[in-house]
Every structure is written in structure tokens, then in C-alpha cells.
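S.K.: Sharing a structure below in C-alpha cells format, with a few things to ask.
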Amino acid sequence: MSRSVAFVTGSQLDSLKKRPNVAVVDVRDDERTYDGHIAGSLHFANDTFQDKLANLVEATKDKDTVVFHCALSQVRGPTCARRFADYLAEIKDVGVKNIMVLESGYKGWEASGKPICRCLEVPCKGCE
């Protein structure tokens, strides 16, 4: 059975990020390099997302909540969240309980003054 995908606001994500069992997944492609990113986020670019689903499951194996986003979270973020939910259902993985999409995406996060990171490290070490 596939999991549902819910939306989360920037303020809600800000609170969620304080918990160690939450992963933020940035599915933007090259724009992550020059726009910056949410500190501590994982990067699984949309253009190769489908091929790296197993890697994402491994990267989030100790998380119960995974929050996806792209630039505006209108297409890529929700699409990748749904693909992840479907993949988890297919492999019968029950570790992740909540799959979410950040409302207004990275652009909304940045516009609201939330902390961003401009490091080029992969994975991001969580600079703020």
C-alpha cells in the first residue's frame, strides 16, 4: 500500500529539522550549486532521481520523515516524493512513516528568511 504525501510549511519544517529522524531531500538539478540549499539537506537531482531510489532509501534508512523540495515544489518535488512513496511500497519498506513536500520549495524557504547554506560539500554537513 502506497503512503500518502503531505505538504509542510517552512515553519513546520524548521521545527521538524531539529529532530534527528528527519531528512530533507533537494531534488533540484544544477540550481542547487549556485542558489544554495537548506542546510543539511540531501541532494538527489530530479534528472537522475529514478535511477538513485535505492541510494535514497539507504541514505534515509534511519529516518521516519522525509521532506522533498525543488525550487517551488510545484512539479519536481511532489513528483519525486510520489516516486519515493511508490518505491517504498514496492519494496515493502516500512521505515519511513511520513513523506512530505515543502510548500513553496526552496524559493519560499529562502524568501521567508530561513537559514540557507552555500557550501559545495556533498553531502552538506549542515552549515548555517
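Identifiers in this document derive from the order of the C-alpha cells: chains are assigned A, B, ..., residues are numbered from 1 separately in each chain, and ligands are numbered from 1 in order of occurrence.
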With a distance cut-off of 10 Å and only C-alpha atoms, select the neighbouring residues of range 79-88 of chain A, excluding the residue or stretch itself and same-chain residues fewer than 2 positions from it, and output the selection as number ranges by chain.
M.R.: A: 1-6, 25-27, 44-46, 49-50, 53-54, 56-57, 66-70, 73-77, 90-101
S.K.: Just how far from CA of Pro78 in chain A is CA of Arg32 in chain A, in Å to one decimal?
M.R.: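 The value is 17.3 Å.
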S.K.: Provide the CA of Ala89 in chain A to CA of Asp64 in chain A distance in Å, to one decimal place.
M.R.: 14.6 Å
